[in-house]
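Accompanying notes for the structure given below.
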Amino acid sequence: MINEKSRNNTLEEFANGVRAAGRYVFTLEEAKESLELSDKALNQALFRLKKKNKIAQIRKRFFAIIPPEYSKSGMLPPYLFIDDLMKSLGKRYYVGLYSAAALHGAAHQQPMEYYVITEKPALRNIKSPRLTINFNVKKEWSDADIIQKKTDAGYISVSAPELTALDLLSYGNIGLNRVVTILEELVEEIKPSVLTRTARIFPQTTTLQRLGYILDKEIGSEKLAEALKKILEGRKFYPVPLLKNADKVGELDSDWKIIKNTEIESDL
């Protein structure tokens with residue numbers, strides 16, 4: 001919490017002080033605490049700085065400070081504020097899916113949207129012309145599967161490559177061909193021993209089947225596929241379609257009990 005009432009006479013001075021302290025964001029409550037302004041005067045000051053493209057509103061009562069290098073886009077990259085945002089909301093989180101894959105060097109194309117996994121209750125997605133953040137809900141996860149990535153604003157929580165791979169096949173709104181393309185690059189970062197540990201506590205058996213099939217039959221990563229096969233040997237599993245939410249018609253792969261109801265076409 002920032003408390004410098006005697007030093008900050010204007011909102012712009014306050015924002016400059018926040019940046020000087022190494023942060024890119026502030027909350028409405030912090031601004032109120034630092035500045036002796038009425039609500040009306042503070043709202044007018046916020047409006048003026050937004051109009052000058054010096055701040056941007058991320059969510060209600062949460063603002064990003066736009067330094068000159070980002071003035072053209074009018075928005076910060078989410079990795080510079082996502083940790084502060086989630087802390088302000090009091091929610092566990094990790095950067096996941098395409099966004100995590102990109103941080104691990106496995107983004108064939110840089111994702112235009114940002115993906116964050118968080119706990120219930122669900123958060124409303126942030127969608128504006130300058131910013132899109134998709135929040136996906138997960139009941140629980142192990143901190144052992146989360147790594148800390150350093151940014152210019154501190155550290156952010158990111159899913160390890162092994163959890164990233166599993167998550168990519170867990171959420172139904174993600175295109176399978178795109179996922180396979182990312183997995184082809186991501187496998188270089190996945191360790192069989194870690195994949196075994198992560199998969200052992202991963203609740204969705206169908207995801208293990210699909211990932212195992214893709215690693216084995218499409219990518220040809222025998223060691224990683226074998227790590228998943230060992231986990232499946234201890235579970236009951238049944239035939240499932242490779243492509244979710246589609247007809248369950250196709251040849252059955254007996255190794256993974258996958259119904260091949262689509263042809264995979266990698267972008268690589």
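By order in the structure tokens, chains are A, B, ...; within a chain, residues start at 1; ligands start at 1, following the order shown.
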
Within 12 Å of Met112 of chain A using only C-alpha atoms, minus same-chain residues under 3 positions, as a ChimeraX atom specification = /A:77-78,98-99,102,107,109,115,127,129-134

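Distances here use only C-alpha atoms; by that measure, the residue among A:Pro239, A:Gly212, A:Gly250, A:Gly234 closest to Leu166 of chain A is A:Gly212.
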
task = Run DSSP on the backbone of this structure and report the residues of segment 49-146 of chain A it assigns to strand (DSSP E or B), as a list in words.
result =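 Output for segment 49-146 of chain A, strand (DSSP E or B) only: Ile55, Ala56, Gln57, Ile58, Arg59, Phe62, Phe63, Ala64, Ile65, Tyr93, Tyr94, Val95, Tyr114, Tyr115, Val116, Ile117, Thr118, Ile126, Lys127, Ser128, Leu131, Thr132, Ile133, Asn134, Phe135, Asn136, Val137 and Ile146 of chain A.
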
query = Of the candidates A:Lys230, A:Arg19, A:Arg200, A:Lys244, which one gets nearest to Leu176 of chain A if we count only C-alpha atoms?
reply =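 Using only C-alpha atoms, the shortest distance to Leu176 of chain A belongs to A:Lys244.
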
inquiry  = I need the residues in segment 26-250 of chain A that are alpha helix (DSSP H) according to DSSP; give them as an NGL selection string.
reply    = :A and (28-34 or 39-51 or 82-89 or 97-103 or 161-168 or 176-186 or 192-200 or 205-213 or 222-232)

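Among A:Ser128, A:Ser193, A:Ser266, A:Ser170, the residue with the shortest atom-to-atom distance to Leu242 of chain A, counting only C-alpha atoms, is A:Ser170.
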
query = Within 9 Å of Leu195 of chain A, counting only C-alpha atoms, which residues qualify if same-chain residues fewer than 2 places away don't, as a VMD selection string?
reply = chain A and resid 161 to 163 190 to 193 197 to 200 224 227 to 228

request  = Show which residues sit within 12 Å of Asp84 of chain A, as a list in words. Count only C-alpha atoms, and ignore same-chain residues fewer than 2 positions away.
outcome  = Met1, Arg23, Tyr24, Val25, Phe26, Thr27, Ile58, Arg59, Phe62, Phe63, Ala64, Pro78, Tyr79, Leu80, Phe81, Ile82, Met86, Lys87, Ser88, Leu89, Gly90, Lys91, Arg92, Tyr93, Ala153, Gly154, Tyr155, Ile156 and Ser157 of chain A

key: Test item: residues at most 8 Å from Leu11 of chain A, only C-alpha atoms, excluding those fewer than 5 positions along its chain, as number ranges by chain   = A: 31, 35, 42, 45-46

Requested write-out: N, CA and C atoms of the selected residues, as a PDB file, in the first residue's frame:
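Below is the file selection12.pdb, written as the result:
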ATOM      1  N   ALA A  31      -4.705   5.153  -4.613  1.00  0.00           N
ATOM      2  CA  ALA A  31      -4.728   6.556  -5.034  1.00  0.00           C
ATOM      3  C   ALA A  31      -5.486   7.410  -4.017  1.00  0.00           C
ATOM      4  N   LEU A  35      -3.784  10.574  -2.046  1.00  0.00           N
ATOM      5  CA  LEU A  35      -4.180  11.911  -2.484  1.00  0.00           C
ATOM      6  C   LEU A  35      -5.387  12.412  -1.698  1.00  0.00           C
ATOM      7  N   LEU A  42     -10.980  12.991  -8.012  1.00  0.00           N
ATOM      8  CA  LEU A  42     -10.137  11.846  -8.368  1.00  0.00           C
ATOM      9  C   LEU A  42     -10.624  11.210  -9.667  1.00  0.00           C
ATOM     10  N   ALA A  45      -9.488  13.309 -12.486  1.00  0.00           N
ATOM     11  CA  ALA A  45      -8.055  13.140 -12.725  1.00  0.00           C
ATOM     12  C   ALA A  45      -7.776  11.825 -13.447  1.00  0.00           C
ATOM     13  N   LEU A  46      -8.482  10.774 -13.069  1.00  0.00           N
ATOM     14  CA  LEU A  46      -8.333   9.488 -13.755  1.00  0.00           C
ATOM     15  C   LEU A  46      -8.743   9.608 -15.219  1.00  0.00           C
TER      16      LEU A  46
END

If you count only C-alpha atoms, which residues fall within 10 Å of Ile219 of chain A, apart from same-chain ones fewer than 4 positions away, as a compact mmCIF listing (two decimals) with all heavy atoms, in the first residue's frame?
# COMPACT_ATOMS: atom_id res chain seq x y z
N VAL A 180 -1.39 -29.38 -31.14
CA VAL A 180 -0.36 -30.32 -31.57
C VAL A 180 0.88 -29.57 -32.05
O VAL A 180 2.02 -29.97 -31.77
CB VAL A 180 -0.91 -31.27 -32.66
CG1 VAL A 180 0.22 -32.12 -33.24
CG2 VAL A 180 -2.00 -32.16 -32.08
N THR A 181 0.68 -28.48 -32.77
CA THR A 181 1.81 -27.67 -33.24
C THR A 181 2.63 -27.16 -32.07
O THR A 181 3.87 -27.20 -32.08
CB THR A 181 1.29 -26.48 -34.07
OG1 THR A 181 0.54 -26.97 -35.19
CG2 THR A 181 2.45 -25.64 -34.60
N LEU A 183 2.68 -28.50 -29.02
CA LEU A 183 3.28 -29.64 -28.33
C LEU A 183 4.55 -30.11 -29.02
O LEU A 183 5.50 -30.56 -28.36
CB LEU A 183 2.27 -30.79 -28.23
CG LEU A 183 1.11 -30.59 -27.26
CD1 LEU A 183 0.11 -31.73 -27.39
CD2 LEU A 183 1.62 -30.48 -25.82
N GLU A 184 4.59 -30.01 -30.34
CA GLU A 184 5.79 -30.43 -31.07
C GLU A 184 7.01 -29.61 -30.64
O GLU A 184 8.14 -30.11 -30.66
CB GLU A 184 5.56 -30.29 -32.58
CG GLU A 184 4.65 -31.35 -33.15
CD GLU A 184 4.38 -31.16 -34.63
OE1 GLU A 184 4.27 -30.00 -35.06
OE2 GLU A 184 4.27 -32.16 -35.35
N GLU A 185 6.78 -28.36 -30.26
CA GLU A 185 7.87 -27.51 -29.77
C GLU A 185 8.07 -27.67 -28.27
O GLU A 185 9.20 -27.61 -27.77
CB GLU A 185 7.59 -26.05 -30.11
CG GLU A 185 7.49 -25.78 -31.60
CD GLU A 185 7.15 -24.34 -31.91
OE1 GLU A 185 6.22 -23.80 -31.29
OE2 GLU A 185 7.82 -23.76 -32.77
N VAL A 187 7.67 -30.31 -26.35
CA VAL A 187 8.23 -31.58 -25.87
C VAL A 187 9.70 -31.47 -25.49
O VAL A 187 10.19 -32.23 -24.64
CB VAL A 187 8.04 -32.72 -26.90
CG1 VAL A 187 6.59 -33.11 -27.02
CG2 VAL A 187 8.63 -32.34 -28.25
N GLY A 212 -1.21 -38.76 -24.39
CA GLY A 212 -0.38 -39.93 -24.66
C GLY A 212 -0.44 -40.35 -26.11
O GLY A 212 0.60 -40.66 -26.72
N TYR A 213 -1.64 -40.36 -26.67
CA TYR A 213 -1.80 -40.73 -28.09
C TYR A 213 -1.03 -39.77 -28.99
O TYR A 213 -0.31 -40.20 -29.91
CB TYR A 213 -3.28 -40.72 -28.46
CG TYR A 213 -3.52 -40.89 -29.93
CD1 TYR A 213 -3.54 -42.15 -30.52
CD2 TYR A 213 -3.71 -39.78 -30.76
CE1 TYR A 213 -3.74 -42.31 -31.90
CE2 TYR A 213 -3.91 -39.92 -32.12
CZ TYR A 213 -3.92 -41.18 -32.68
OH TYR A 213 -4.10 -41.32 -34.04
N ILE A 214 -1.16 -38.47 -28.74
CA ILE A 214 -0.50 -37.47 -29.58
C ILE A 214 1.03 -37.59 -29.46
O ILE A 214 1.75 -37.56 -30.46
CB ILE A 214 -0.97 -36.06 -29.20
CG1 ILE A 214 -2.43 -35.88 -29.63
CG2 ILE A 214 -0.09 -34.99 -29.86
CD1 ILE A 214 -3.09 -34.62 -29.10
N LEU A 215 1.52 -37.75 -28.23
CA LEU A 215 2.96 -37.89 -28.04
C LEU A 215 3.49 -39.14 -28.71
O LEU A 215 4.58 -39.15 -29.30
CB LEU A 215 3.28 -37.92 -26.55
CG LEU A 215 3.07 -36.62 -25.76
CD1 LEU A 215 3.25 -36.87 -24.27
CD2 LEU A 215 4.01 -35.52 -26.24
N ALA A 225 5.52 -40.58 -23.87
CA ALA A 225 4.32 -41.40 -23.99
C ALA A 225 4.33 -42.53 -22.96
O ALA A 225 3.31 -42.85 -22.34
CB ALA A 225 4.21 -41.96 -25.40
N SER A 266 -0.50 -30.57 -38.37
CA SER A 266 0.36 -29.62 -37.69
C SER A 266 0.69 -28.45 -38.59
O SER A 266 0.76 -28.58 -39.81
CB SER A 266 1.65 -30.30 -37.24
OG SER A 266 2.60 -29.34 -36.78

task = Would you list the contacts of segment 137-152 of chain A as a list in words, taking every protein, DNA or RNA residue within 6 Å and counting only C-alpha atoms, but skipping same-chain residues closer than 4 positions in sequence?
result =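 Listing them by chain and then by number gives Ile117, Thr118, Glu119, Ala122, Ile156, Ser157, Val158, Ser159 and Ala160 of chain A.
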
Nearest residue to Glu233 of chain A from the set A:Val249, A:Ile66, A:Leu208, A:Val116 (distances using only C-alpha atoms) =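 Going through A:Val249, A:Ile66, A:Leu208, A:Val116 one by one, the smallest distance to Glu233 of chain A is for A:Leu208.
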
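Of the residues under consideration (A:Asn125, A:Thr196, A:Ser38, A:Gln209), A:Gln209 shows the shortest atom-to-atom contact distance to Ser254 of chain A when counting only C-alpha atoms.
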
request  = Counting only C-alpha atoms, figure out which residue out of A:Lys236, A:Val95, A:Arg178, A:Thr262 gets nearest to Lys248 of chain A.
outcome  =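 Smallest distance to Lys248 of chain A is found for A:Thr262.
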